[in-house]
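Please read the structure below before turning to the comments.
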Amino acid sequence: MTFQLDCESGEAAISSLSVGFSCTQEKLREVLLSIDLDEHKEECLYNYVVREVGEHKELSGVYWFHGTRTSLDNNFQYGIHPLNDALDKVWDVMISTIPTSEVKQNLQLMRTLGVNDEMYELRTNDSIHWGPYGILVREVALNTNKLKQHDYLKMPELVEDICNAYKLTYEVSLDLLYENILVPKLVKFYSSKRLDNGCIEAALNYAYTKIKKLPINESCVTVLNNGATAIKPEEIVNVEIVSP
């Protein structure tokens, strides 16, 4: 028997975890309520739950959330592509959506001659940065500042790198322009690429915060790096425009 992990909400996390641990939701809530992690910092929540309710089923798949800021008409009908495949599309969107002809020309020049930004060079030349990436817990994407994560809903890193290079070269900031032009979106997708117990541990910590009515914390953060392989269109479950 297998199970799938879904952390779109606290309720979804508790529901999928209870299936995984072959117990009722009430039992899982009871177990999570029975430990105070502030008083037992040495206790691994995963081990505690296994000890209380038994081993879980084999994890067969996980739902992830890919945060980005993109054009309004991008519904990811062709999937989510790694950075090396998406680079031309990023440039196309940045150039086509900007309303000023002078900025269009300058961006096109940068695209042709090169981008004077160290992080841009690193991301575009090293496959370890190509992703695409996903966050296990949807709520993490909405609390990035608190959790010391990059806010992909505010600006994708590559767009940020290009804007930094543009400001350095032309002494003009494009950040607010693109924040107003591009739309924050969360793409929910399904994957069986990462199935380790770290996913279950993060989901348990997320469920723990919801049951205890605590703020989400860094123990709830875990990510998928899809290893420069595209997320296929049929793996995408939902594309959500995120309200400010």
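Lettering and numbering for the structure tokens are positional, with chains as A, B, ... in the shown order, residues counted from 1 in each chain, and ligands counted from 1 in the shown order.
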
Exercise for the section: Would you mind writing down, as a list in words, each residue of range 11-150 of chain A that DSSP on the backbone assigns to strand (DSSP E or B)? Expected result: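 Going through range 11-150 of chain A, the strand (DSSP E or B) residues come out as Glu58, Leu59, Ser60, Gly61, Val62, Tyr63, Trp64, Phe65, His66, Gly67, Thr68, Arg69, Thr70, Ile80, Tyr133, Gly134, Ile135 and Val137 of chain A.
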
Cut-off 12 Å: closest range 43-121 of chain A/range 178-184 of chain A atom pairs per residue, using only C-alpha atoms, as a Markdown table:
| residue | atom | partner | partner_atom | distance |
| --- | --- | --- | --- | --- |
| A:His66 | CA | A:Pro184 | CA | 10.7 |
| A:Gly67 | CA | A:Pro184 | CA | 7.5 |
| A:Thr68 | CA | A:Pro184 | CA | 5.9 |
| A:Arg69 | CA | A:Pro184 | CA | 4.2 |
| A:Thr70 | CA | A:Leu182 | CA | 4.9 |
| A:Ser71 | CA | A:Leu182 | CA | 5.1 |
| A:Leu72 | CA | A:Val183 | CA | 5.8 |
| A:Asp73 | CA | A:Val183 | CA | 9.3 |
| A:Asn74 | CA | A:Val183 | CA | 9.4 |
| A:Asn75 | CA | A:Val183 | CA | 11.3 |
| A:Val90 | CA | A:Leu182 | CA | 11.4 |
| A:Val93 | CA | A:Leu182 | CA | 9.1 |
| A:Met94 | CA | A:Tyr178 | CA | 8.0 |
| A:Ile95 | CA | A:Tyr178 | CA | 10.7 |
| A:Ser96 | CA | A:Ile181 | CA | 10.8 |
| A:Thr97 | CA | A:Ile181 | CA | 7.0 |
| A:Ile98 | CA | A:Ile181 | CA | 7.7 |
| A:Pro99 | CA | A:Ile181 | CA | 9.4 |

Problem - Shortest interatomic distance to Ser22 in chain A - which of A:Gly131, A:Pro233, A:Gly54, A:Gly227, counting only C-alpha atoms - result: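 Answer, going by the shortest atom-to-atom distance: A:Gly54.
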
Handout entry: Nearest-residue call for Ser127 in chain A, choices A:Thr229, A:Ser243, A:Asn145, A:Ser15, using only C-alpha atoms
Key =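 Result for the nearest residue to Ser127 in chain A: A:Thr229.
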
Write out as a JSON list (two decimals) with N, CA, C and O atoms, in the first residue's frame all residues of range 78-177 of chain A that DSSP puts in helix (DSSP H, G or I) for this structure's backbone.
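File part-v7.json, as written:
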[["chain", "number", "residue", "atom", "x", "y", "z"],
["A", 83, "LEU", "N", 15.57, 26.16, -16.17],
["A", 83, "LEU", "CA", 16.05, 27.49, -16.53],
["A", 83, "LEU", "C", 16.70, 27.53, -17.92],
["A", 83, "LEU", "O", 16.46, 28.46, -18.69],
["A", 84, "ASN", "N", 17.49, 26.52, -18.26],
["A", 84, "ASN", "CA", 18.17, 26.55, -19.56],
["A", 84, "ASN", "C", 17.18, 26.52, -20.71],
["A", 84, "ASN", "O", 17.41, 27.14, -21.76],
["A", 85, "ASP", "N", 16.06, 25.83, -20.54],
["A", 85, "ASP", "CA", 15.03, 25.79, -21.58],
["A", 85, "ASP", "C", 14.12, 27.00, -21.54],
["A", 85, "ASP", "O", 13.54, 27.38, -22.56],
["A", 86, "ALA", "N", 13.96, 27.60, -20.36],
["A", 86, "ALA", "CA", 13.03, 28.71, -20.19],
["A", 86, "ALA", "C", 13.66, 30.07, -20.43],
["A", 86, "ALA", "O", 12.96, 31.08, -20.48],
["A", 87, "LEU", "N", 14.98, 30.11, -20.61],
["A", 87, "LEU", "CA", 15.70, 31.39, -20.68],
["A", 87, "LEU", "C", 15.17, 32.29, -21.80],
["A", 87, "LEU", "O", 14.92, 33.48, -21.59],
["A", 88, "ASP", "N", 14.99, 31.74, -22.98],
["A", 88, "ASP", "CA", 14.49, 32.55, -24.10],
["A", 88, "ASP", "C", 13.09, 33.08, -23.82],
["A", 88, "ASP", "O", 12.76, 34.23, -24.15],
["A", 89, "LYS", "N", 12.26, 32.25, -23.19],
["A", 89, "LYS", "CA", 10.90, 32.68, -22.85],
["A", 89, "LYS", "C", 10.93, 33.81, -21.84],
["A", 89, "LYS", "O", 10.13, 34.77, -21.94],
["A", 90, "VAL", "N", 11.84, 33.75, -20.87],
["A", 90, "VAL", "CA", 11.96, 34.82, -19.87],
["A", 90, "VAL", "C", 12.30, 36.14, -20.55],
["A", 90, "VAL", "O", 11.68, 37.18, -20.29],
["A", 91, "TRP", "N", 13.28, 36.09, -21.45],
["A", 91, "TRP", "CA", 13.65, 37.29, -22.18],
["A", 91, "TRP", "C", 12.48, 37.80, -23.04],
["A", 91, "TRP", "O", 12.21, 39.01, -23.08],
["A", 92, "ASP", "N", 11.80, 36.90, -23.71],
["A", 92, "ASP", "CA", 10.67, 37.30, -24.55],
["A", 92, "ASP", "C", 9.61, 38.03, -23.74],
["A", 92, "ASP", "O", 9.07, 39.07, -24.16],
["A", 93, "VAL", "N", 9.29, 37.48, -22.56],
["A", 93, "VAL", "CA", 8.28, 38.09, -21.70],
["A", 93, "VAL", "C", 8.74, 39.45, -21.20],
["A", 93, "VAL", "O", 7.98, 40.43, -21.23],
["A", 94, "MET", "N", 9.98, 39.54, -20.76],
["A", 94, "MET", "CA", 10.48, 40.81, -20.24],
["A", 94, "MET", "C", 10.48, 41.89, -21.31],
["A", 94, "MET", "O", 10.12, 43.05, -21.03],
["A", 95, "ILE", "N", 10.88, 41.55, -22.51],
["A", 95, "ILE", "CA", 10.96, 42.54, -23.58],
["A", 95, "ILE", "C", 9.58, 42.89, -24.12],
["A", 95, "ILE", "O", 9.27, 44.07, -24.36],
["A", 96, "SER", "N", 8.71, 41.90, -24.27],
["A", 96, "SER", "CA", 7.40, 42.15, -24.88],
["A", 96, "SER", "C", 6.45, 42.90, -23.95],
["A", 96, "SER", "O", 5.57, 43.63, -24.42],
["A", 97, "THR", "N", 6.62, 42.74, -22.65],
["A", 97, "THR", "CA", 5.66, 43.35, -21.71],
["A", 97, "THR", "C", 6.05, 44.76, -21.27],
["A", 97, "THR", "O", 5.20, 45.50, -20.79],
["A", 101, "SER", "N", 9.80, 51.87, -25.35],
["A", 101, "SER", "CA", 10.60, 51.40, -26.49],
["A", 101, "SER", "C", 12.10, 51.46, -26.19],
["A", 101, "SER", "O", 12.87, 50.58, -26.61],
["A", 102, "GLU", "N", 12.53, 52.50, -25.46],
["A", 102, "GLU", "CA", 13.95, 52.62, -25.13],
["A", 102, "GLU", "C", 14.41, 51.45, -24.25],
["A", 102, "GLU", "O", 15.49, 50.88, -24.48],
["A", 103, "VAL", "N", 13.58, 51.08, -23.28],
["A", 103, "VAL", "CA", 13.93, 49.96, -22.40],
["A", 103, "VAL", "C", 13.93, 48.66, -23.20],
["A", 103, "VAL", "O", 14.79, 47.80, -23.00],
["A", 104, "LYS", "N", 12.99, 48.50, -24.11],
["A", 104, "LYS", "CA", 12.96, 47.31, -24.97],
["A", 104, "LYS", "C", 14.27, 47.16, -25.72],
["A", 104, "LYS", "O", 14.86, 46.08, -25.78],
["A", 105, "GLN", "N", 14.73, 48.26, -26.30],
["A", 105, "GLN", "CA", 15.97, 48.24, -27.08],
["A", 105, "GLN", "C", 17.17, 47.91, -26.18],
["A", 105, "GLN", "O", 18.05, 47.12, -26.56],
["A", 106, "ASN", "N", 17.19, 48.50, -25.00],
["A", 106, "ASN", "CA", 18.30, 48.23, -24.08],
["A", 106, "ASN", "C", 18.32, 46.77, -23.62],
["A", 106, "ASN", "O", 19.38, 46.16, -23.52],
["A", 107, "LEU", "N", 17.14, 46.23, -23.32],
["A", 107, "LEU", "CA", 17.06, 44.83, -22.92],
["A", 107, "LEU", "C", 17.49, 43.91, -24.05],
["A", 107, "LEU", "O", 18.19, 42.91, -23.82],
["A", 108, "GLN", "N", 17.08, 44.24, -25.26],
["A", 108, "GLN", "CA", 17.48, 43.43, -26.41],
["A", 108, "GLN", "C", 18.99, 43.46, -26.60],
["A", 108, "GLN", "O", 19.62, 42.44, -26.92],
["A", 109, "LEU", "N", 19.59, 44.61, -26.33],
["A", 109, "LEU", "CA", 21.04, 44.75, -26.43],
["A", 109, "LEU", "C", 21.73, 43.89, -25.36],
["A", 109, "LEU", "O", 22.71, 43.20, -25.63],
["A", 110, "MET", "N", 21.20, 43.93, -24.14],
["A", 110, "MET", "CA", 21.75, 43.10, -23.06],
["A", 110, "MET", "C", 21.61, 41.62, -23.41],
["A", 110, "MET", "O", 22.53, 40.82, -23.17],
["A", 111, "ARG", "N", 20.48, 41.25, -23.96],
["A", 111, "ARG", "CA", 20.24, 39.86, -24.33],
["A", 111, "ARG", "C", 21.27, 39.38, -25.35],
["A", 111, "ARG", "O", 21.74, 38.23, -25.30],
["A", 112, "THR", "N", 21.64, 40.27, -26.25],
["A", 112, "THR", "CA", 22.57, 39.92, -27.33],
["A", 112, "THR", "C", 24.02, 39.94, -26.87],
["A", 112, "THR", "O", 24.80, 39.01, -27.15],
["A", 113, "LEU", "N", 24.38, 40.99, -26.13],
["A", 113, "LEU", "CA", 25.79, 41.20, -25.77],
["A", 113, "LEU", "C", 26.19, 40.54, -24.46],
["A", 113, "LEU", "O", 27.38, 40.31, -24.21],
["A", 118, "GLU", "N", 26.86, 38.73, -11.92],
["A", 118, "GLU", "CA", 27.52, 37.48, -11.53],
["A", 118, "GLU", "C", 26.53, 36.35, -11.29],
["A", 118, "GLU", "O", 26.75, 35.20, -11.70],
["A", 119, "MET", "N", 25.40, 36.67, -10.64],
["A", 119, "MET", "CA", 24.42, 35.63, -10.35],
["A", 119, "MET", "C", 23.73, 35.14, -11.62],
["A", 119, "MET", "O", 23.40, 33.95, -11.73],
["A", 120, "TYR", "N", 23.50, 36.04, -12.56],
["A", 120, "TYR", "CA", 22.93, 35.62, -13.85],
["A", 120, "TYR", "C", 23.85, 34.62, -14.54],
["A", 120, "TYR", "O", 23.40, 33.59, -15.04],
["A", 121, "GLU", "N", 25.13, 34.92, -14.54],
["A", 121, "GLU", "CA", 26.10, 34.02, -15.18],
["A", 121, "GLU", "C", 26.13, 32.68, -14.47],
["A", 121, "GLU", "O", 26.18, 31.62, -15.11],
["A", 122, "LEU", "N", 26.09, 32.72, -13.15],
["A", 122, "LEU", "CA", 26.13, 31.47, -12.37],
["A", 122, "LEU", "C", 24.89, 30.62, -12.65],
["A", 122, "LEU", "O", 24.99, 29.42, -12.91],
["A", 123, "ARG", "N", 23.72, 31.26, -12.61],
["A", 123, "ARG", "CA", 22.47, 30.51, -12.80],
["A", 123, "ARG", "C", 22.34, 29.93, -14.20],
["A", 123, "ARG", "O", 21.87, 28.81, -14.38],
["A", 124, "THR", "N", 22.74, 30.68, -15.19],
["A", 124, "THR", "CA", 22.55, 30.23, -16.57],
["A", 124, "THR", "C", 23.60, 29.22, -17.01],
["A", 124, "THR", "O", 23.38, 28.48, -17.98],
["A", 125, "ASN", "N", 24.73, 29.13, -16.30],
["A", 125, "ASN", "CA", 25.81, 28.24, -16.73],
["A", 125, "ASN", "C", 25.99, 27.00, -15.88],
["A", 125, "ASN", "O", 26.69, 26.07, -16.28],
["A", 127, "SER", "N", 24.09, 23.86, -14.11],
["A", 127, "SER", "CA", 22.82, 23.12, -14.16],
["A", 127, "SER", "C", 22.21, 22.88, -12.78],
["A", 127, "SER", "O", 21.02, 22.58, -12.69],
["A", 128, "ILE", "N", 23.01, 23.02, -11.73],
["A", 128, "ILE", "CA", 22.45, 22.82, -10.38],
["A", 128, "ILE", "C", 21.37, 23.86, -10.07],
["A", 128, "ILE", "O", 20.52, 23.66, -9.22],
["A", 129, "HIS", "N", 21.39, 24.99, -10.79],
["A", 129, "HIS", "CA", 20.43, 26.07, -10.56],
["A", 129, "HIS", "C", 19.24, 26.02, -11.52],
["A", 129, "HIS", "O", 18.39, 26.92, -11.47],
["A", 138, "ARG", "N", 2.40, 24.80, 0.67],
["A", 138, "ARG", "CA", 1.94, 25.99, -0.04],
["A", 138, "ARG", "C", 2.12, 27.26, 0.78],
["A", 138, "ARG", "O", 2.54, 28.30, 0.27],
["A", 139, "GLU", "N", 1.84, 27.18, 2.06],
["A", 139, "GLU", "CA", 1.90, 28.34, 2.95],
["A", 139, "GLU", "C", 3.30, 28.93, 3.07],
["A", 139, "GLU", "O", 3.46, 30.12, 3.35],
["A", 140, "VAL", "N", 4.32, 28.10, 2.82],
["A", 140, "VAL", "CA", 5.70, 28.60, 2.84],
["A", 140, "VAL", "C", 5.90, 29.68, 1.78],
["A", 140, "VAL", "O", 6.57, 30.69, 2.03],
["A", 141, "ALA", "N", 5.30, 29.48, 0.62],
["A", 141, "ALA", "CA", 5.45, 30.45, -0.47],
["A", 141, "ALA", "C", 4.85, 31.80, -0.13],
["A", 141, "ALA", "O", 5.22, 32.82, -0.72],
["A", 144, "THR", "N", 7.60, 33.92, 2.86],
["A", 144, "THR", "CA", 9.03, 33.78, 2.56],
["A", 144, "THR", "C", 9.92, 34.71, 3.39],
["A", 144, "THR", "O", 11.01, 34.31, 3.80],
["A", 145, "ASN", "N", 9.47, 35.92, 3.65],
["A", 145, "ASN", "CA", 10.29, 36.85, 4.44],
["A", 145, "ASN", "C", 10.50, 36.31, 5.85],
["A", 145, "ASN", "O", 11.62, 36.33, 6.38],
["A", 146, "LYS", "N", 9.43, 35.81, 6.45],
["A", 146, "LYS", "CA", 9.50, 35.26, 7.80],
["A", 146, "LYS", "C", 10.41, 34.04, 7.86],
["A", 146, "LYS", "O", 11.10, 33.80, 8.85],
["A", 147, "LEU", "N", 10.43, 33.26, 6.77],
["A", 147, "LEU", "CA", 11.16, 32.00, 6.74],
["A", 147, "LEU", "C", 12.53, 32.13, 6.06],
["A", 147, "LEU", "O", 13.21, 31.14, 5.83],
["A", 157, "GLU", "N", 14.21, 34.83, -9.60],
["A", 157, "GLU", "CA", 15.61, 35.23, -9.42],
["A", 157, "GLU", "C", 16.24, 35.70, -10.72],
["A", 157, "GLU", "O", 17.02, 36.65, -10.74],
["A", 158, "LEU", "N", 15.93, 35.04, -11.82],
["A", 158, "LEU", "CA", 16.54, 35.41, -13.10],
["A", 158, "LEU", "C", 16.10, 36.80, -13.55],
["A", 158, "LEU", "O", 16.92, 37.59, -14.04],
["A", 159, "VAL", "N", 14.84, 37.11, -13.38],
["A", 159, "VAL", "CA", 14.34, 38.44, -13.71],
["A", 159, "VAL", "C", 15.00, 39.48, -12.80],
["A", 159, "VAL", "O", 15.39, 40.56, -13.25],
["A", 160, "GLU", "N", 15.16, 39.13, -11.55],
["A", 160, "GLU", "CA", 15.83, 40.01, -10.59],
["A", 160, "GLU", "C", 17.27, 40.27, -11.02],
["A", 160, "GLU", "O", 17.75, 41.41, -10.94],
["A", 161, "ASP", "N", 17.97, 39.22, -11.48],
["A", 161, "ASP", "CA", 19.35, 39.38, -11.94],
["A", 161, "ASP", "C", 19.43, 40.33, -13.13],
["A", 161, "ASP", "O", 20.32, 41.19, -13.20],
["A", 162, "ILE", "N", 18.51, 40.18, -14.08],
["A", 162, "ILE", "CA", 18.50, 41.04, -15.27],
["A", 162, "ILE", "C", 18.20, 42.49, -14.87],
["A", 162, "ILE", "O", 18.83, 43.43, -15.37],
["A", 163, "CYS", "N", 17.26, 42.67, -13.93],
["A", 163, "CYS", "CA", 16.94, 44.02, -13.46],
["A", 163, "CYS", "C", 18.14, 44.65, -12.74],
["A", 163, "CYS", "O", 18.40, 45.86, -12.89],
["A", 164, "ASN", "N", 18.87, 43.84, -11.97],
["A", 164, "ASN", "CA", 20.06, 44.35, -11.29],
["A", 164, "ASN", "C", 21.12, 44.80, -12.29],
["A", 164, "ASN", "O", 21.74, 45.86, -12.13],
["A", 165, "ALA", "N", 21.30, 44.01, -13.33],
["A", 165, "ALA", "CA", 22.28, 44.36, -14.37],
["A", 165, "ALA", "C", 21.83, 45.61, -15.13],
["A", 165, "ALA", "O", 22.66, 46.46, -15.50],
["A", 166, "TYR", "N", 20.53, 45.71, -15.38],
["A", 166, "TYR", "CA", 20.00, 46.89, -16.09],
["A", 166, "TYR", "C", 20.24, 48.16, -15.27],
["A", 166, "TYR", "O", 20.67, 49.20, -15.80],
["A", 167, "LYS", "N", 19.99, 48.07, -13.96],
["A", 167, "LYS", "CA", 20.21, 49.25, -13.10],
["A", 167, "LYS", "C", 21.67, 49.64, -13.06],
["A", 167, "LYS", "O", 22.01, 50.83, -13.08],
["A", 168, "LEU", "N", 22.55, 48.63, -13.03],
["A", 168, "LEU", "CA", 23.98, 48.90, -13.02],
["A", 168, "LEU", "C", 24.43, 49.58, -14.31],
["A", 168, "LEU", "O", 25.27, 50.50, -14.30],
["A", 169, "THR", "N", 23.87, 49.15, -15.42],
["A", 169, "THR", "CA", 24.29, 49.66, -16.73],
["A", 169, "THR", "C", 23.64, 50.99, -17.07],
["A", 169, "THR", "O", 24.30, 51.91, -17.58],
["A", 170, "TYR", "N", 22.34, 51.10, -16.80],
["A", 170, "TYR", "CA", 21.58, 52.28, -17.27],
["A", 170, "TYR", "C", 21.11, 53.19, -16.12],
["A", 170, "TYR", "O", 20.47, 54.22, -16.39],
["A", 175, "ASP", "N", 12.46, 47.22, -11.29],
["A", 175, "ASP", "CA", 11.81, 46.29, -10.36],
["A", 175, "ASP", "C", 10.31, 46.56, -10.20],
["A", 175, "ASP", "O", 9.49, 45.64, -10.35],
["A", 176, "LEU", "N", 9.95, 47.79, -9.88],
["A", 176, "LEU", "CA", 8.54, 48.10, -9.65],
["A", 176, "LEU", "C", 7.73, 47.95, -10.92],
["A", 176, "LEU", "O", 6.55, 47.55, -10.87],
["A", 177, "LEU", "N", 8.32, 48.28, -12.06],
["A", 177, "LEU", "CA", 7.63, 48.11, -13.33],
["A", 177, "LEU", "C", 7.21, 46.67, -13.53],
["A", 177, "LEU", "O", 6.06, 46.36, -13.85]]

Problem - Atom pair CA of Ala203 in chain A / CA of His40 in chain A: separation (Å) - result: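 Interatomic distance here is 18.6 Å.
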
Exercise for the section: Compile the contact shell of Glu235 in chain A as a ChimeraX atom specification: residues with an atom at most 9 Å away, counting only C-alpha atoms, same-chain residues fewer than 6 positions apart removed. Expected result: /A:79,188-191

Practice task
Find the residues near Ile200 in chain A: any atom within 8 Å, counting only C-alpha atoms, skip ones fewer than 4 places away on the same chain, and give them as a VMD selection string.
Solution key: chain A and resid 5 17 46 196 204

Practice task
Using only C-alpha atoms, pick whichever of A:Val172, A:Ile241, A:Met155, A:Leu45 has the shortest atom-to-atom distance to Gly198 in chain A.
Solution key: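 Closest candidate: A:Leu45.
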
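CA of Glu11 in chain A lies 25.0 Å from CA of Glu234 in chain A.
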
Exercise for the section: Choose the residue, out of A:Glu240, A:Glu171, A:Glu201, A:Glu218, that has the smallest atom-to-atom separation from Asn47 in chain A; count only C-alpha atoms. Expected result: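 When distances to Asn47 in chain A are compared using only C-alpha atoms, the smallest one comes from A:Glu201.
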
Exercise for the section: Could you tell me how far CA of Ile14 in chain A lies from CA of Val223 in chain A, in Å and to one decimal? Expected result: 19.1 Å

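Checking A:Leu142, A:Ser173, A:Thr209, A:Val62 one by one against Val242 in chain A, counting only C-alpha atoms, you find the shortest gap at A:Leu142.
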
Exercise for the section: Compare A:Ile231, A:Lys212, A:Thr222, A:Arg194 by their minimum atom-to-atom distance to Gly10 in chain A, counting only C-alpha atoms, and give me the closest one. Expected result: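 Distance minimum relative to Gly10 in chain A lands on A:Lys212.
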
Practice task
Name the residues in contact with Gly20 in chain A at a cut-off of 10 Å, using only C-alpha atoms, excluding same-chain residues fewer than 6 positions from it; report them as a ChimeraX atom specification.
Solution key: /A:1-5,14,55-59,200
